[in-house]
Amino acid sequence: MKTSIKQSLLSAALLLAALATQAATHVDSLLNCLHNPKSNYVFVIAHRADWRGAPENSIQGIENAIRMGVDMVEIDIRRTADGQFILMHDATLNRTSTGKGRIADYTLEQIKQFRLRSGHAIKSRRTIPTLEEALLACRGRVLVNIDKGGDFIREILPIIQRTGTEKQVIIKGKYALDRVKADYGDSKGMLYMPIVDMFDSAAVTRGVEFAKKMRPVAFELNFRTEQQLDPDFVKLVRKQGSRVWINTLWDTLCAGHDDENALIEGLDKHWGWVLDHHASMIQTDRPEMLINYLKQHGRRTLK
């Protein structure tokens with residue numbers, strides 16, 4: 001009996017080690033592809049993880065997204081009264097949790113007493129995760145995009161480094177190149193992505209400076225009309241070896257070529273348009289459907 005138990009434990013340990021190695025290998029493949037400007041692979045980013053099937057910005061949502069096969073989860077962070085970082089989109093607790101009021105007025109210990117709500121405002125048993133808890137759940141398994149992270153680069157870098165996720169995390173923001181470089185300091189392994197509102201000439205000018213002097217891993221481009229997606233700027237981004245990130249979350253971010261219009265009016269008309277305009281990273285609220293669409297069009301082969 002004892003031998004049988006030992007064999008079972010050994011088998012379980014070997015299985016876990018194999019799964020961990022497999023996950024790490026997959027992330028390495030994603031990173032190699034991410035930095036390969038010649039790859040035609042399109043990365044799928046789950047907006048606030050799987051918020052349709054779990055509370056948004058939850059560990060459960062992250063786990064669901066990983067099972068779907070997404071390449072990256074997008075998460076939002078907020079700072080508590082005692083300087084800790086949690087996952088939440090809004091500045092207040094009201095919409096997505098059982099708490100009320102501003103996050104900045106609560107300590108982490110107090111926030112942990114609340115529970116997350118589903119998209120239908122139903123109370124779950126899920127606690128509000130910290131950034132560290134989320135990164136540990138993602139380590140070696142999926143890439144991470146931290147929204148609102150550009151406001152707190154210096155503060156969150158130690159958390160990212162402590163969790164061993166430096167190569168997996170992309171922080172994004174709208175700040176000037178000099179500030180971003182100053183905030184990153186000596187951390188050379190981190191990835192940064194400028195957000196460029198194409199309808200803002202000052203933002204485009206900043207984007208050009210980033211493209212020429214820093215060559216970020218990607219540029220998030222937001223545009224309200226098709227004409228605002230300047231082909232010359234897109235050409236510059238691609239020439240410099242950066243990827244083009246387009247959001248299909250709602251119409252004002254992608255000139256109406258969003259997920260819901262794609263489902264109603266035709267995938268090729270909208271997701272196809274985004275691909276034709278050189279998107280190689282797409283943040284979506286329909287990750288599973290988008291993955292299937294991209295597979296059908298031969299855009300999901302890692303190489």
# chains A, B, ... in the order shown; residues from 1 in each chain; ligands from 1
>>> residues_around(residues="Lys212 in chain A", least_positions_apart="4", cutoff="12 Å", atoms="only C-alpha atoms", output="PyMOL selection string")
chain A and resi 177+205-208+216+233+236-242
>>> write_last_selection(atoms="all heavy atoms", output="compact mmCIF listing (two decimals), in the first residue's frame")
# COMPACT_ATOMS: atom_id res chain seq x y z
N LEU A 177 8.16 59.78 -24.01
CA LEU A 177 9.28 58.84 -24.00
C LEU A 177 10.22 59.06 -22.82
O LEU A 177 10.63 58.11 -22.15
CB LEU A 177 10.05 58.95 -25.31
CG LEU A 177 11.31 58.10 -25.46
CD1 LEU A 177 10.97 56.62 -25.40
CD2 LEU A 177 12.01 58.43 -26.77
N THR A 205 2.48 62.44 -32.62
CA THR A 205 3.87 62.94 -32.57
C THR A 205 4.68 62.17 -31.54
O THR A 205 5.83 61.79 -31.78
CB THR A 205 3.88 64.45 -32.25
OG1 THR A 205 3.18 65.17 -33.27
CG2 THR A 205 5.31 64.97 -32.16
N ARG A 206 4.09 61.92 -30.37
CA ARG A 206 4.76 61.12 -29.34
C ARG A 206 5.02 59.71 -29.86
O ARG A 206 6.07 59.11 -29.61
CB ARG A 206 3.93 61.05 -28.06
CG ARG A 206 3.90 62.32 -27.24
CD ARG A 206 3.39 62.09 -25.83
NE ARG A 206 2.05 61.52 -25.82
CZ ARG A 206 0.93 62.23 -25.81
NH1 ARG A 206 0.99 63.56 -25.82
NH2 ARG A 206 -0.26 61.64 -25.80
N GLY A 207 4.03 59.18 -30.57
CA GLY A 207 4.18 57.84 -31.11
C GLY A 207 5.33 57.73 -32.09
O GLY A 207 6.08 56.74 -32.09
N VAL A 208 5.49 58.73 -32.94
CA VAL A 208 6.60 58.74 -33.89
C VAL A 208 7.93 58.73 -33.15
O VAL A 208 8.87 58.01 -33.53
CB VAL A 208 6.50 59.98 -34.82
CG1 VAL A 208 7.78 60.13 -35.65
CG2 VAL A 208 5.29 59.86 -35.73
N PRO A 216 9.15 50.12 -29.33
CA PRO A 216 8.39 49.30 -28.38
C PRO A 216 7.93 48.00 -29.04
O PRO A 216 7.90 47.88 -30.27
CB PRO A 216 7.20 50.18 -28.00
CG PRO A 216 7.58 51.56 -28.42
CD PRO A 216 8.48 51.41 -29.59
N PHE A 233 1.75 56.12 -40.59
CA PHE A 233 2.16 55.82 -39.21
C PHE A 233 2.23 54.31 -39.01
O PHE A 233 3.18 53.80 -38.40
CB PHE A 233 1.18 56.44 -38.21
CG PHE A 233 1.60 56.25 -36.78
CD1 PHE A 233 2.52 57.08 -36.19
CD2 PHE A 233 1.07 55.21 -36.03
CE1 PHE A 233 2.93 56.89 -34.87
CE2 PHE A 233 1.45 55.00 -34.72
CZ PHE A 233 2.39 55.85 -34.14
N LEU A 236 5.36 53.02 -40.52
CA LEU A 236 6.53 53.32 -39.68
C LEU A 236 6.64 52.33 -38.53
O LEU A 236 7.72 51.80 -38.25
CB LEU A 236 6.42 54.75 -39.14
CG LEU A 236 7.48 55.15 -38.09
CD1 LEU A 236 8.87 55.13 -38.70
CD2 LEU A 236 7.15 56.52 -37.50
N VAL A 237 5.51 52.08 -37.86
CA VAL A 237 5.51 51.14 -36.74
C VAL A 237 6.01 49.77 -37.18
O VAL A 237 6.87 49.16 -36.53
CB VAL A 237 4.07 51.03 -36.16
CG1 VAL A 237 3.96 49.83 -35.23
CG2 VAL A 237 3.71 52.31 -35.41
N ARG A 238 5.50 49.29 -38.30
CA ARG A 238 5.87 47.96 -38.78
C ARG A 238 7.32 47.93 -39.27
O ARG A 238 8.04 46.95 -39.05
CB ARG A 238 4.92 47.52 -39.89
CG ARG A 238 3.47 47.43 -39.41
CD ARG A 238 2.54 47.03 -40.53
NE ARG A 238 2.77 45.65 -40.95
CZ ARG A 238 2.87 45.25 -42.21
NH1 ARG A 238 2.78 46.13 -43.19
NH2 ARG A 238 3.07 43.98 -42.50
N LYS A 239 7.75 49.00 -39.90
CA LYS A 239 9.14 49.08 -40.38
C LYS A 239 10.13 49.01 -39.24
O LYS A 239 11.21 48.43 -39.36
CB LYS A 239 9.33 50.37 -41.18
CG LYS A 239 10.73 50.53 -41.76
CD LYS A 239 10.84 51.84 -42.52
CE LYS A 239 12.26 52.01 -43.07
NZ LYS A 239 12.41 53.30 -43.82
N GLN A 240 9.76 49.60 -38.11
CA GLN A 240 10.65 49.61 -36.95
C GLN A 240 10.60 48.29 -36.18
O GLN A 240 11.31 48.13 -35.18
CB GLN A 240 10.28 50.76 -36.02
CG GLN A 240 10.41 52.15 -36.63
CD GLN A 240 11.83 52.46 -37.04
OE1 GLN A 240 12.25 52.16 -38.15
NE2 GLN A 240 12.59 53.07 -36.14
N GLY A 241 9.77 47.37 -36.61
CA GLY A 241 9.73 46.05 -35.97
C GLY A 241 8.75 45.92 -34.84
O GLY A 241 8.80 44.94 -34.08
N SER A 242 7.84 46.88 -34.69
CA SER A 242 6.82 46.82 -33.63
C SER A 242 5.53 46.23 -34.20
O SER A 242 5.28 46.28 -35.40
CB SER A 242 6.55 48.22 -33.07
OG SER A 242 7.71 48.78 -32.51
>>> residues_around(residues="Ile195 in chain A", least_positions_apart="6", cutoff="10 Å", atoms="only C-alpha atoms", output="list of chain:residue names")
A:Gly150, A:Lys172, A:Gly173, A:Lys174, A:Tyr175, A:Ala203, A:Val204, A:Arg206, A:Gly207, A:Ala218, A:Phe219, A:Glu220, A:Leu221, A:Asn222, A:Trp245
>>> closest_residue(among="A:Ile246, A:Ile62, A:Leu116, A:Met88", to="Ala137 in chain A", atoms="only C-alpha atoms")
A:Ile62
>>> atom_distance(atom1="CA of Leu136 in chain A", atom2="CA of Arg162 in chain A")
9.6 Å
>>> select_by_dssp(residues="range 83-265 of chain A", states="strand (DSSP E)", output="ChimeraX atom specification")
/A:85-87,143-147,169-173,191-197,218-222,243-247
>>> closest_atom_pairs(of="range 169-259 of chain A", to="range 271-295 of chain A", cutoff="9 Å", atoms="only C-alpha atoms", output="JSON lines")
{"residue": "A:Ala218", "atom": "CA", "partner": "A:Met281", "partner_atom": "CA", "distance": 8.3}
{"residue": "A:Glu220", "atom": "CA", "partner": "A:Met281", "partner_atom": "CA", "distance": 8.8}
{"residue": "A:Leu229", "atom": "CA", "partner": "A:His277", "partner_atom": "CA", "distance": 8.7}
{"residue": "A:Pro231", "atom": "CA", "partner": "A:His277", "partner_atom": "CA", "distance": 8.3}
{"residue": "A:Val234", "atom": "CA", "partner": "A:His278", "partner_atom": "CA", "distance": 7.9}
{"residue": "A:Arg238", "atom": "CA", "partner": "A:His278", "partner_atom": "CA", "distance": 8.6}
{"residue": "A:Arg243", "atom": "CA", "partner": "A:Ser280", "partner_atom": "CA", "distance": 6.0}
{"residue": "A:Val244", "atom": "CA", "partner": "A:Ala279", "partner_atom": "CA", "distance": 5.0}
{"residue": "A:Trp245", "atom": "CA", "partner": "A:Met281", "partner_atom": "CA", "distance": 4.5}
{"residue": "A:Ile246", "atom": "CA", "partner": "A:Ile282", "partner_atom": "CA", "distance": 5.1}
{"residue": "A:Asn247", "atom": "CA", "partner": "A:Gln283", "partner_atom": "CA", "distance": 4.8}
{"residue": "A:Thr248", "atom": "CA", "partner": "A:Thr284", "partner_atom": "CA", "distance": 5.4}
{"residue": "A:Leu249", "atom": "CA", "partner": "A:Thr284", "partner_atom": "CA", "distance": 5.3}
{"residue": "A:Trp250", "atom": "CA", "partner": "A:Asp285", "partner_atom": "CA", "distance": 9.0}
{"residue": "A:Cys254", "atom": "CA", "partner": "A:Val274", "partner_atom": "CA", "distance": 8.3}
{"residue": "A:His257", "atom": "CA", "partner": "A:Trp271", "partner_atom": "CA", "distance": 6.7}
{"residue": "A:Asp258", "atom": "CA", "partner": "A:Trp271", "partner_atom": "CA", "distance": 7.5}
{"residue": "A:Asp259", "atom": "CA", "partner": "A:Arg286", "partner_atom": "CA", "distance": 6.7}
>>> residues_around(residues="Asp28 in chain A", least_positions_apart="6", cutoff="10 Å", atoms="only C-alpha atoms", output="NGL selection string")
:A and (22 or 34 or 140-142 or 167-168)
>>> write_last_selection(atoms="C-alpha atoms", output="JSON list (two decimals), in the first residue's frame")
[["chain", "number", "residue", "atom", "x", "y", "z"],
["A", 22, "GLN", "CA", 4.92, 22.58, -21.35],
["A", 34, "LEU", "CA", 6.08, 38.44, -30.29],
["A", 140, "GLY", "CA", 4.71, 30.71, -17.24],
["A", 141, "ARG", "CA", 1.21, 30.30, -18.68],
["A", 142, "VAL", "CA", 0.01, 33.43, -20.47],
["A", 167, "LYS", "CA", 9.32, 39.00, -19.81],
["A", 168, "GLN", "CA", 5.59, 38.23, -19.81]]
>>> closest_residue(among="A:Lys38, A:Lys148, A:Arg139, A:Lys123", to="Asp90 in chain A", atoms="only C-alpha atoms")
A:Lys148
>>> residues_around(residues="Ala182 in chain A", least_positions_apart="4", cutoff="10 Å", atoms="only C-alpha atoms", output="ChimeraX atom specification")
/A:153-154,177-178,186
>>> closest_residue(among="A:Ala104, A:Leu263, A:Ser29, A:Thr98", to="Ile122 in chain A", atoms="only C-alpha atoms")
A:Thr98
>>> select_by_dssp(residues="range 186-264 of chain A", states="alpha helix (DSSP H)", output="PyMOL selection string")
chain A and resi 201-213+231-239+259-264
>>> write_last_selection(atoms="N, CA and C atoms", output="compact mmCIF listing (two decimals), in the first residue's frame")
# COMPACT_ATOMS: atom_id res chain seq x y z
N SER A 201 -3.25 64.75 -32.59
CA SER A 201 -1.98 64.99 -33.29
C SER A 201 -0.78 64.94 -32.34
N ALA A 202 -0.96 65.41 -31.10
CA ALA A 202 0.14 65.36 -30.14
C ALA A 202 0.49 63.92 -29.80
N ALA A 203 -0.52 63.07 -29.69
CA ALA A 203 -0.29 61.66 -29.38
C ALA A 203 0.45 60.98 -30.53
N VAL A 204 0.09 61.32 -31.75
CA VAL A 204 0.76 60.74 -32.92
C VAL A 204 2.22 61.17 -32.94
N THR A 205 2.48 62.44 -32.62
CA THR A 205 3.87 62.94 -32.57
C THR A 205 4.68 62.17 -31.54
N ARG A 206 4.09 61.92 -30.37
CA ARG A 206 4.76 61.12 -29.34
C ARG A 206 5.02 59.71 -29.86
N GLY A 207 4.03 59.18 -30.57
CA GLY A 207 4.18 57.84 -31.11
C GLY A 207 5.33 57.73 -32.09
N VAL A 208 5.49 58.73 -32.94
CA VAL A 208 6.60 58.74 -33.89
C VAL A 208 7.93 58.73 -33.15
N GLU A 209 8.02 59.50 -32.08
CA GLU A 209 9.26 59.53 -31.29
C GLU A 209 9.54 58.16 -30.68
N PHE A 210 8.52 57.51 -30.14
CA PHE A 210 8.69 56.17 -29.60
C PHE A 210 9.18 55.20 -30.68
N ALA A 211 8.56 55.27 -31.85
CA ALA A 211 8.91 54.35 -32.93
C ALA A 211 10.36 54.49 -33.33
N LYS A 212 10.84 55.72 -33.39
CA LYS A 212 12.19 55.97 -33.88
C LYS A 212 13.27 55.77 -32.81
N LYS A 213 12.92 56.01 -31.53
CA LYS A 213 13.95 56.02 -30.50
C LYS A 213 13.89 54.85 -29.52
N PRO A 231 -2.07 55.34 -42.64
CA PRO A 231 -1.25 54.25 -43.16
C PRO A 231 0.25 54.52 -43.07
N ASP A 232 0.64 55.79 -43.12
CA ASP A 232 2.07 56.11 -43.01
C ASP A 232 2.58 55.83 -41.60
N PHE A 233 1.75 56.12 -40.59
CA PHE A 233 2.16 55.82 -39.21
C PHE A 233 2.23 54.31 -39.01
N VAL A 234 1.24 53.59 -39.51
CA VAL A 234 1.25 52.13 -39.40
C VAL A 234 2.48 51.55 -40.10
N LYS A 235 2.81 52.09 -41.24
CA LYS A 235 3.99 51.63 -41.98
C LYS A 235 5.26 51.86 -41.17
N LEU A 236 5.36 53.02 -40.52
CA LEU A 236 6.53 53.32 -39.68
C LEU A 236 6.64 52.33 -38.53
N VAL A 237 5.51 52.08 -37.86
CA VAL A 237 5.51 51.14 -36.74
C VAL A 237 6.01 49.77 -37.18
N ARG A 238 5.50 49.29 -38.30
CA ARG A 238 5.87 47.96 -38.78
C ARG A 238 7.32 47.93 -39.27
N LYS A 239 7.75 49.00 -39.90
CA LYS A 239 9.14 49.08 -40.38
C LYS A 239 10.13 49.01 -39.24
N ASP A 259 -16.34 43.92 -32.11
CA ASP A 259 -16.81 42.54 -31.96
C ASP A 259 -18.30 42.38 -32.26
N GLU A 260 -19.11 43.24 -31.68
CA GLU A 260 -20.56 43.07 -31.83
C GLU A 260 -21.00 43.31 -33.27
N ASN A 261 -20.43 44.31 -33.92
CA ASN A 261 -20.76 44.54 -35.32
C ASN A 261 -20.28 43.37 -36.18
N ALA A 262 -19.14 42.78 -35.80
CA ALA A 262 -18.64 41.62 -36.53
C ALA A 262 -19.63 40.46 -36.44
N LEU A 263 -20.20 40.25 -35.26
CA LEU A 263 -21.14 39.15 -35.08
C LEU A 263 -22.45 39.40 -35.83
N ILE A 264 -22.85 40.67 -35.91
CA ILE A 264 -24.13 41.00 -36.55
C ILE A 264 -24.00 41.10 -38.06
>>> closest_residue(among="A:Val27, A:Cys33, A:Met198, A:Ala65", to="Arg52 in chain A", atoms="only C-alpha atoms")
A:Ala65
>>> residues_around(residues="Arg67 in chain A", least_positions_apart="2", cutoff="12 Å", atoms="only C-alpha atoms", output="list in words")
Ala23, Ala46, Ala49, Asp50, Gly53, Gln60, Gly61, Ile62, Glu63, Asn64, Ala65, Gly69, Val70, Asp71, Met72, Val73, Cys138, Arg141, Val142, Pro287 and Glu288 of chain A
>>> closest_residue(among="A:Glu155, A:Glu166, A:Glu74, A:Glu56", to="Arg117 in chain A", atoms="only C-alpha atoms")
A:Glu56
>>> atom_distance(atom1="CA of Arg126 in chain A", atom2="CA of His26 in chain A")
28.1 Å
>>> atom_distance(atom1="CA of Ile103 in chain A", atom2="CA of Thr80 in chain A")
5.6 Å
